[in-house]
file model20.cif (mmCIF, C-alpha atoms)
data_model
#
loop_
_atom_site.label_atom_id
_atom_site.label_comp_id
_atom_site.auth_asym_id
_atom_site.auth_seq_id
_atom_site.Cartn_x
_atom_site.Cartn_y
_atom_site.Cartn_z
CA MET A 1056 124.40 103.00 109.00
CA ALA A 1057 122.74 100.38 106.83
CA ARG A 1058 123.41 98.57 103.61
CA ARG A 1059 120.85 97.54 101.06
CA ALA A 1060 120.42 93.87 100.34
CA VAL A 1061 120.39 92.79 96.73
CA GLY A 1062 116.83 92.72 95.42
CA GLY A 1063 115.54 91.12 92.25
CA THR A 1064 114.36 92.89 89.13
CA GLY A 1065 111.56 95.28 89.99
CA VAL A 1066 111.85 94.58 93.74
CA LYS A 1067 113.47 97.05 96.08
CA GLY A 1068 115.89 95.28 98.40
CA ALA A 1069 115.77 95.72 102.15
CA ARG A 1070 118.30 97.90 103.90
CA ARG A 1071 120.12 95.77 106.45
CA PRO A 1072 121.32 97.08 109.79
CA GLU A 1073 125.03 97.37 110.42
CA VAL A 1074 125.29 97.12 114.18
CA ARG A 1075 128.70 98.24 115.42
CA LEU A 1076 128.65 98.13 119.18
CA PRO A 1077 131.04 100.22 121.27
CA VAL A 1078 133.00 98.75 124.17
CA LEU A 1079 130.24 97.56 126.48
CA GLU A 1080 129.94 97.63 130.24
CA PRO A 1081 128.75 94.41 131.90
CA HIS A 1082 125.22 94.62 133.17
CA GLY A 1083 125.53 94.80 136.92
CA GLY A 1084 122.65 92.47 137.63
CA GLY A 1085 119.38 93.42 139.21
CA GLU A 1086 116.00 93.19 137.57
CA LEU A 1087 114.81 95.20 134.62
CA GLU A 1088 112.79 98.26 135.51
CA PRO A 1089 109.78 99.72 133.69
CA ASP A 1090 110.86 102.78 131.68
CA GLY A 1091 114.49 101.94 132.48
CA ASP A 1092 117.36 103.36 130.41
CA TYR A 1093 120.02 100.85 129.35
CA ASP A 1094 122.89 102.27 127.31
CA GLY A 1095 126.01 100.42 126.18
CA LEU A 1096 125.43 97.37 128.38
CA ASP A 1097 126.34 93.72 127.90
CA PHE A 1098 123.67 91.33 129.19
CA ARG A 1099 125.40 87.95 129.10
CA ASP A 1100 123.70 84.68 130.11
CA ALA A 1101 121.27 86.67 132.24
CA ASP A 1102 117.98 85.18 133.37
CA LEU A 1103 115.46 87.93 132.66
CA SER A 1104 112.46 85.60 132.90
CA GLY A 1105 109.32 87.21 134.26
CA GLN A 1106 110.93 90.63 134.62
CA ASP A 1107 109.18 93.86 133.63
CA GLY A 1108 111.06 96.24 131.34
CA SER A 1109 107.96 97.78 129.79
CA GLY A 1110 108.73 101.13 128.18
CA ALA A 1111 112.47 100.69 128.68
CA ARG A 1112 115.08 101.92 126.20
CA PHE A 1113 117.97 99.70 125.11
CA MET A 1114 120.63 101.58 123.14
CA ASP A 1115 123.91 100.01 121.91
CA CYS A 1116 123.26 96.88 123.99
CA ALA A 1117 124.09 93.20 123.53
CA LEU A 1118 121.95 90.40 124.94
CA THR A 1119 123.75 87.08 124.61
CA GLY A 1120 122.41 83.74 125.80
CA CYS A 1121 119.71 85.39 127.89
CA ALA A 1122 116.47 83.75 129.06
CA LEU A 1123 113.38 85.78 128.15
CA ASP A 1124 110.52 83.59 129.34
CA GLU A 1125 107.48 85.83 129.93
CA THR A 1126 109.73 88.88 129.98
CA ARG A 1127 107.62 92.03 129.61
CA LEU A 1128 109.09 94.54 127.17
CA ARG A 1129 105.86 96.11 125.93
CA HIS A 1130 106.43 99.57 124.41
CA ALA A 1131 110.20 99.11 124.78
CA ARG A 1132 112.61 100.79 122.35
CA VAL A 1133 115.51 98.64 121.16
CA LEU A 1134 118.01 100.64 119.10
CA ASP A 1135 121.36 99.71 117.53
CA SER A 1136 121.52 96.48 119.51
CA ALA A 1137 122.29 92.78 118.99
CA PHE A 1138 120.45 89.79 120.46
CA THR A 1139 122.33 86.49 120.13
CA GLY A 1140 121.17 83.06 121.28
CA VAL A 1141 118.29 84.38 123.35
CA ARG A 1142 115.56 81.93 124.28
CA GLY A 1143 112.17 82.04 125.89
CA VAL A 1144 108.43 81.49 125.70
CA GLY A 1145 105.86 84.27 125.75
CA THR A 1146 108.25 87.21 125.49
CA ASP A 1147 106.10 90.35 125.29
CA LEU A 1148 107.34 93.01 122.87
CA ALA A 1149 103.92 94.27 121.88
CA GLU A 1150 103.97 97.79 120.43
CA ALA A 1151 107.74 97.92 120.87
CA THR A 1152 110.12 99.68 118.46
CA LEU A 1153 113.10 97.78 117.05
CA ARG A 1154 115.42 99.83 114.88
CA ASP A 1155 118.84 98.74 113.60
CA VAL A 1156 118.67 95.41 115.44
CA GLU A 1157 120.22 92.02 114.73
CA LEU A 1158 118.58 88.92 116.22
CA SER A 1159 120.71 85.82 115.70
CA ASP A 1160 120.11 82.15 116.58
CA ALA A 1161 117.09 82.83 118.77
CA ARG A 1162 114.80 80.09 120.00
CA LEU A 1163 111.52 81.70 120.91
CA GLY A 1164 107.99 80.42 121.38
CA GLY A 1165 104.96 82.66 121.04
CA PRO A 1166 106.76 86.03 121.12
CA GLN A 1167 104.27 88.91 121.07
CA LEU A 1168 105.17 91.73 118.68
CA HIS A 1169 101.67 92.77 117.68
CA GLY A 1170 101.53 96.46 116.89
CA ALA A 1171 105.33 96.68 116.95
CA VAL A 1172 107.49 98.73 114.58
CA LEU A 1173 110.50 96.96 113.03
CA GLU A 1174 112.87 99.00 110.88
CA ARG A 1175 116.22 97.75 109.57
CA VAL A 1176 116.02 94.46 111.44
CA LEU A 1177 117.88 91.24 110.58
CA ILE A 1178 116.54 87.98 112.00
CA ARG A 1179 119.13 85.32 111.22
CA GLY A 1180 119.18 81.64 112.15
CA GLY A 1181 117.28 79.99 114.98
CA LYS A 1182 113.64 79.03 115.25
CA ILE A 1183 110.62 81.11 116.21
CA ASP A 1184 107.27 79.43 116.82
CA TYR A 1185 103.96 81.32 116.62
CA LEU A 1186 105.48 84.74 116.03
CA ASN A 1187 102.72 87.31 116.54
CA LEU A 1188 103.23 90.32 114.26
CA ARG A 1189 99.57 91.24 113.86
CA THR A 1190 99.10 94.89 112.83
CA ALA A 1191 102.87 95.43 113.08
CA ARG A 1192 104.83 97.63 110.68
CA LEU A 1193 107.89 96.04 109.09
CA ARG A 1194 110.20 98.09 106.92
CA ASP A 1195 113.59 96.90 105.71
CA VAL A 1196 113.40 93.57 107.52
CA VAL A 1197 115.30 90.43 106.49
CA PHE A 1198 114.53 86.88 107.69
CA GLU A 1199 117.58 84.78 106.85
CA GLY A 1200 118.28 81.11 107.53
CA CYS A 1201 115.61 80.84 110.21
CA VAL A 1202 112.55 78.66 110.78
CA LEU A 1203 109.24 80.45 111.30
CA VAL A 1204 106.40 78.18 112.40
CA GLU A 1205 102.91 79.66 111.93
CA PRO A 1206 103.94 83.31 111.96
CA ASP A 1207 100.98 85.71 112.08
CA PHE A 1208 101.28 88.79 109.87
CA GLY A 1209 97.54 89.49 110.02
CA GLY A 1210 96.80 93.14 109.31
CA ALA A 1211 100.51 93.99 109.24
CA ARG A 1212 102.22 96.31 106.77
CA LEU A 1213 105.36 94.88 105.17
CA GLU A 1214 107.61 97.05 103.02
CA ARG A 1215 110.94 95.87 101.63
CA VAL A 1216 110.91 92.56 103.52
CA GLU A 1217 113.00 89.58 102.37
CA PHE A 1218 112.89 85.89 103.23
CA LEU A 1219 116.23 84.20 102.45
CA ASP A 1220 117.00 80.50 102.95
CA CYS A 1221 114.35 80.28 105.64
CA ALA A 1222 111.38 78.03 106.24
CA LEU A 1223 108.02 79.80 106.34
CA LYS A 1224 105.47 77.30 107.64
CA GLY A 1225 101.77 78.06 107.89
CA ALA A 1226 102.14 81.83 107.50
CA ASP A 1227 99.05 83.99 107.95
CA PHE A 1228 98.91 87.13 105.79
CA HIS A 1229 95.21 87.82 106.38
CA ALA A 1230 94.45 91.53 105.80
CA ALA A 1231 98.17 92.32 105.46
CA THR A 1232 99.57 94.91 103.04
CA LEU A 1233 102.73 93.91 101.17
CA THR A 1234 105.05 96.20 99.21
CA ASP A 1235 108.33 94.95 97.70
CA VAL A 1236 108.19 91.69 99.67
CA ASP A 1237 110.57 89.08 98.24
CA LEU A 1238 109.55 85.50 99.03
CA ARG A 1239 111.63 83.83 96.32
CA GLY A 1240 114.47 82.92 98.66
CA ALA A 1241 112.26 81.03 101.12
CA ALA A 1242 113.33 77.38 101.23
CA THR A 1243 109.82 76.45 102.37
CA LEU A 1244 106.76 78.60 101.63
CA GLU A 1245 103.49 77.52 103.22
CA ILE A 1246 100.68 80.06 103.50
CA SER A 1247 97.61 79.19 105.54
CA ARG A 1248 95.64 82.42 105.05
CA GLY A 1249 95.88 85.59 103.02
CA LEU A 1250 96.89 84.34 99.60
CA ASP A 1251 94.75 87.15 98.23
CA ARG A 1252 97.05 89.64 99.96
CA LEU A 1253 100.19 88.66 98.04
CA SER A 1254 99.85 91.54 95.62
CA GLY A 1255 103.06 93.46 96.19
CA ALA A 1256 105.08 90.30 96.77
CA VAL A 1257 107.21 88.28 94.35
CA ILE A 1258 107.50 84.49 94.33
CA SER A 1259 109.36 82.03 92.12
CA PRO A 1260 107.74 79.82 89.44
CA ALA A 1261 108.43 76.75 91.60
CA GLN A 1262 106.69 78.37 94.56
CA LEU A 1263 103.69 79.17 92.38
CA LEU A 1264 103.39 75.48 91.51
CA ASP A 1265 103.64 74.56 95.20
CA LEU A 1266 100.87 77.01 96.05
CA ALA A 1267 98.65 75.98 93.14
CA PRO A 1268 96.51 73.46 95.10
CA VAL A 1269 95.78 76.05 97.79
CA LEU A 1270 94.98 78.69 95.18
CA ALA A 1271 92.69 76.28 93.34
CA ALA A 1272 90.84 75.41 96.54
CA GLN A 1273 90.44 79.08 97.45
CA TRP A 1274 89.04 79.93 94.02
CA GLY A 1275 86.79 76.88 93.92
CA ILE A 1276 88.62 75.30 90.97
CA ARG A 1277 88.38 71.53 90.61
CA VAL A 1278 91.49 69.87 89.21
CA GLU A 1279 90.83 66.44 87.72
CA GLY A 1280 93.05 64.12 85.72
#
call {"tool": "encode", "arguments": {"input": "model20.cif", "output": "structure tokens"}}
result
Amino acid sequence: MARRAVGGTGVKGARRPEVRLPVLEPHGGGELEPDGDYDGLDFRDADLSGQDGSGARFMDCALTGCALDETRLRHARVLDSAFTGVRGVGTDLAEATLRDVELSDARLGGPQLHGAVLERVLIRGGKIDYLNLRTARLRDVVFEGCVLVEPDFGGARLERVEFLDCALKGADFHAATLTDVDLRGAATLEISRGLDRLSGAVISPAQLLDLAPVLAAQWGIRVEG
């Protein structure tokens, strides 16, 4: 079940997830296992650092206050689940699938989601440094009230993606493809590469003025008083 966010004129709004978790069973401890199957579990304040859950499936799960330093979740499938207050450096979710997921108040450094598929995902609050989404596919994704430092969308495909009340610092859109991407709600919009890929996105007049010096430099335009 999802609801569509309000989009602007001519921009299709993203469909947000509505995660309604059942009564969960506490995770009984023990390390994650590759290709493991985790259904209806509550991971609370667990230290999952360095563990290998590659290829695992998480369905109707909650991860709250968990440590994810160097946790390997490559090719994992995360479905109808909520991550709250997770933290870690180097979490590996490369080529993972996240569908109907809410990520709230995370503090992550260098998470690897290159080649991942994100569909109906809400990333709300928190701070994520050096988010690697190269060649990922994002559809119906909302970034709300979060800080993204040097996120890499290089070669990614973004469709119905919204940035609301968030800071986007040093974003790289090199070789990305954007469709119905709404950047108007970004409190800070700094783009380091890929300004030529913004066809398919919408920005505000104020943001256009902020980006003007970068655009002028890219096009070789000299601005003199």
call {"tool": "atom_distance", "arguments": {"input": "model20.cif", "atom1": "CA of Thr1152 (chain A)", "atom2": "CA of Ala1211 (chain A)"}}
result
14.5 Å
call {"tool": "closest_residue", "arguments": {"input": "model20.cif", "among": "A:Leu1193, A:Ala1131, A:Leu1188, A:Ala1161", "to": "His1229 (chain A)", "atoms": "all atoms listed in the file"}}
result
A:Leu1188
call {"tool": "closest_residue", "arguments": {"input": "model20.cif", "among": "A:Ala1137, A:Val1066, A:Ala1111, A:Pro1206", "to": "Glu1088 (chain A)", "atoms": "only C-alpha atoms"}}
result
A:Ala1111
call {"tool": "resolve_selection", "arguments": {"input": "model20.cif", "expression": "the PyMOL selection byres ((chain A and resi 1165) around 9)", "output": "number ranges by chain"}}
result
A: 1143-1147, 1163-1164, 1166-1167, 1183-1187
call {"tool": "resolve_selection", "arguments": {"input": "model20.cif", "expression": "the PyMOL selection byres ((chain A and resi 1243-1247) around 8)", "output": "list of chain:residue names"}}
result
A:Cys1221, A:Ala1222, A:Leu1223, A:Lys1224, A:Gly1225, A:Ala1226, A:Asp1227, A:Phe1228, A:Leu1238, A:Ala1241, A:Ala1242, A:Arg1248, A:Gly1249, A:Leu1250, A:Gln1262, A:Leu1266
call {"tool": "closest_residue", "arguments": {"input": "model20.cif", "among": "A:Gly1240, A:Cys1116, A:Val1204, A:Leu1168", "to": "Ala1261 (chain A)", "atoms": "only C-alpha atoms"}}
result
A:Gly1240
call {"tool": "atom_distance", "arguments": {"input": "model20.cif", "atom1": "CA of Gly1108 (chain A)", "atom2": "CA of Val1074 (chain A)"}}
result
22.3 Å
call {"tool": "closest_residue", "arguments": {"input": "model20.cif", "among": "A:Gly1170, A:Gly1209, A:Pro1081, A:Gly1181", "to": "His1130 (chain A)", "atoms": "all atoms listed in the file"}}
result
A:Gly1170
call {"tool": "residues_around", "arguments": {"input": "model20.cif", "residues": "Thr1119 (chain A)", "least_positions_apart": "6", "cutoff": "7 Å", "atoms": "only C-alpha atoms", "output": "PyMOL selection string"}}
result
chain A and resi 1098-1100+1138-1141
call {"tool": "residues_near_point", "arguments": {"input": "model20.cif", "point": "(104.2, 92.8, 106.5)", "cutoff": "12 Å", "atoms": "only C-alpha atoms", "output": "MDAnalysis selection string"}}
result
chainID A and resid 1169:1174 1187:1198 1206:1218 1226:1238 1249 1252:1256
call {"tool": "closest_residue", "arguments": {"input": "model20.cif", "among": "A:Leu1219, A:Ile1178, A:Leu1270, A:Ala1149", "to": "Gly1110 (chain A)", "atoms": "all atoms listed in the file"}}
result
A:Ala1149
call {"tool": "residues_around", "arguments": {"input": "model20.cif", "residues": "Gly1180 (chain A)", "least_positions_apart": "4", "cutoff": "7 Å", "atoms": "all atoms listed in the file", "output": "list in words"}}
result
Ser1159, Asp1160, Glu1199, Gly1200 and Cys1201 of chain A
call {"tool": "closest_residue", "arguments": {"input": "model20.cif", "among": "A:Arg1112, A:Lys1182, A:Arg1277, A:Arg1175", "to": "Ala1151 (chain A)", "atoms": "all atoms listed in the file"}}
result
A:Arg1112
call {"tool": "atom_distance", "arguments": {"input": "model20.cif", "atom1": "CA of Val1257 (chain A)", "atom2": "CA of Arg1239 (chain A)"}}
result
6.6 Å
call {"tool": "resolve_selection", "arguments": {"input": "model20.cif", "expression": "the PyMOL selection byres ((chain A and resi 1077) around 8)", "output": "PyMOL selection string"}}
result
chain A and resi 1075-1076+1078-1079+1095+1115
call {"tool": "build_atoms", "arguments": {"input": "model20.cif", "residues": "region 1154-1171 of chain A", "atoms": "N, CA, C and O atoms", "output": "PDB file, keeping the file's coordinate frame"}}
result
ATOM      1  N   ARG A1154     114.801  99.130 115.997  1.00  0.00           N
ATOM      2  CA  ARG A1154     115.420  99.830 114.880  1.00  0.00           C
ATOM      3  C   ARG A1154     116.925  99.549 114.874  1.00  0.00           C
ATOM      4  O   ARG A1154     117.591  99.711 115.885  1.00  0.00           O
ATOM      5  N   ASP A1155     117.426  99.114 113.728  1.00  0.00           N
ATOM      6  CA  ASP A1155     118.840  98.740 113.600  1.00  0.00           C
ATOM      7  C   ASP A1155     119.186  97.678 114.637  1.00  0.00           C
ATOM      8  O   ASP A1155     120.009  97.885 115.536  1.00  0.00           O
ATOM      9  N   VAL A1156     118.530  96.525 114.483  1.00  0.00           N
ATOM     10  CA  VAL A1156     118.670  95.410 115.440  1.00  0.00           C
ATOM     11  C   VAL A1156     119.006  94.146 114.681  1.00  0.00           C
ATOM     12  O   VAL A1156     118.445  93.880 113.609  1.00  0.00           O
ATOM     13  N   GLU A1157     119.908  93.344 115.241  1.00  0.00           N
ATOM     14  CA  GLU A1157     120.220  92.020 114.730  1.00  0.00           C
ATOM     15  C   GLU A1157     119.823  90.984 115.773  1.00  0.00           C
ATOM     16  O   GLU A1157     120.247  91.065 116.927  1.00  0.00           O
ATOM     17  N   LEU A1158     119.013  90.017 115.351  1.00  0.00           N
ATOM     18  CA  LEU A1158     118.580  88.920 116.220  1.00  0.00           C
ATOM     19  C   LEU A1158     119.095  87.632 115.597  1.00  0.00           C
ATOM     20  O   LEU A1158     118.648  87.233 114.522  1.00  0.00           O
ATOM     21  N   SER A1159     120.042  86.985 116.270  1.00  0.00           N
ATOM     22  CA  SER A1159     120.710  85.820 115.700  1.00  0.00           C
ATOM     23  C   SER A1159     120.488  84.589 116.582  1.00  0.00           C
ATOM     24  O   SER A1159     120.599  84.660 117.810  1.00  0.00           O
ATOM     25  N   ASP A1160     120.173  83.469 115.926  1.00  0.00           N
ATOM     26  CA  ASP A1160     120.110  82.150 116.580  1.00  0.00           C
ATOM     27  C   ASP A1160     119.190  82.146 117.792  1.00  0.00           C
ATOM     28  O   ASP A1160     119.493  81.534 118.818  1.00  0.00           O
ATOM     29  N   ALA A1161     118.066  82.801 117.672  1.00  0.00           N
ATOM     30  CA  ALA A1161     117.090  82.830 118.770  1.00  0.00           C
ATOM     31  C   ALA A1161     116.236  81.569 118.736  1.00  0.00           C
ATOM     32  O   ALA A1161     115.977  80.999 117.682  1.00  0.00           O
ATOM     33  N   ARG A1162     115.781  81.165 119.890  1.00  0.00           N
ATOM     34  CA  ARG A1162     114.800  80.090 120.000  1.00  0.00           C
ATOM     35  C   ARG A1162     113.674  80.608 120.881  1.00  0.00           C
ATOM     36  O   ARG A1162     113.793  80.643 122.110  1.00  0.00           O
ATOM     37  N   LEU A1163     112.594  81.034 120.210  1.00  0.00           N
ATOM     38  CA  LEU A1163     111.520  81.700 120.910  1.00  0.00           C
ATOM     39  C   LEU A1163     110.188  81.029 120.582  1.00  0.00           C
ATOM     40  O   LEU A1163     109.963  80.581 119.457  1.00  0.00           O
ATOM     41  N   GLY A1164     109.317  80.981 121.570  1.00  0.00           N
ATOM     42  CA  GLY A1164     107.990  80.420 121.380  1.00  0.00           C
ATOM     43  C   GLY A1164     106.931  81.453 121.733  1.00  0.00           C
ATOM     44  O   GLY A1164     106.931  81.992 122.841  1.00  0.00           O
ATOM     45  N   GLY A1165     106.057  81.743 120.791  1.00  0.00           N
ATOM     46  CA  GLY A1165     104.960  82.660 121.040  1.00  0.00           C
ATOM     47  C   GLY A1165     105.358  84.079 121.403  1.00  0.00           C
ATOM     48  O   GLY A1165     104.681  84.706 122.235  1.00  0.00           O
ATOM     49  N   PRO A1166     106.417  84.642 120.795  1.00  0.00           N
ATOM     50  CA  PRO A1166     106.760  86.030 121.120  1.00  0.00           C
ATOM     51  C   PRO A1166     105.676  86.975 120.590  1.00  0.00           C
ATOM     52  O   PRO A1166     105.176  86.813 119.487  1.00  0.00           O
ATOM     53  N   GLN A1167     105.341  87.972 121.407  1.00  0.00           N
ATOM     54  CA  GLN A1167     104.270  88.910 121.070  1.00  0.00           C
ATOM     55  C   GLN A1167     104.883  90.214 120.567  1.00  0.00           C
ATOM     56  O   GLN A1167     105.495  90.965 121.325  1.00  0.00           O
ATOM     57  N   LEU A1168     104.731  90.468 119.258  1.00  0.00           N
ATOM     58  CA  LEU A1168     105.170  91.730 118.680  1.00  0.00           C
ATOM     59  C   LEU A1168     104.028  92.416 117.940  1.00  0.00           C
ATOM     60  O   LEU A1168     104.235  93.165 116.998  1.00  0.00           O
ATOM     61  N   HIS A1169     102.802  92.144 118.365  1.00  0.00           N
ATOM     62  CA  HIS A1169     101.670  92.770 117.680  1.00  0.00           C
ATOM     63  C   HIS A1169     101.721  94.289 117.908  1.00  0.00           C
ATOM     64  O   HIS A1169     102.001  94.777 118.993  1.00  0.00           O
ATOM     65  N   GLY A1170     101.486  95.011 116.816  1.00  0.00           N
ATOM     66  CA  GLY A1170     101.530  96.460 116.890  1.00  0.00           C
ATOM     67  C   GLY A1170     102.928  97.038 116.976  1.00  0.00           C
ATOM     68  O   GLY A1170     103.086  98.254 117.150  1.00  0.00           O
ATOM     69  N   ALA A1171     103.954  96.201 116.842  1.00  0.00           N
ATOM     70  CA  ALA A1171     105.330  96.680 116.950  1.00  0.00           C
ATOM     71  C   ALA A1171     105.783  97.340 115.650  1.00  0.00           C
ATOM     72  O   ALA A1171     105.175  97.165 114.595  1.00  0.00           O
TER      73      ALA A1171
END
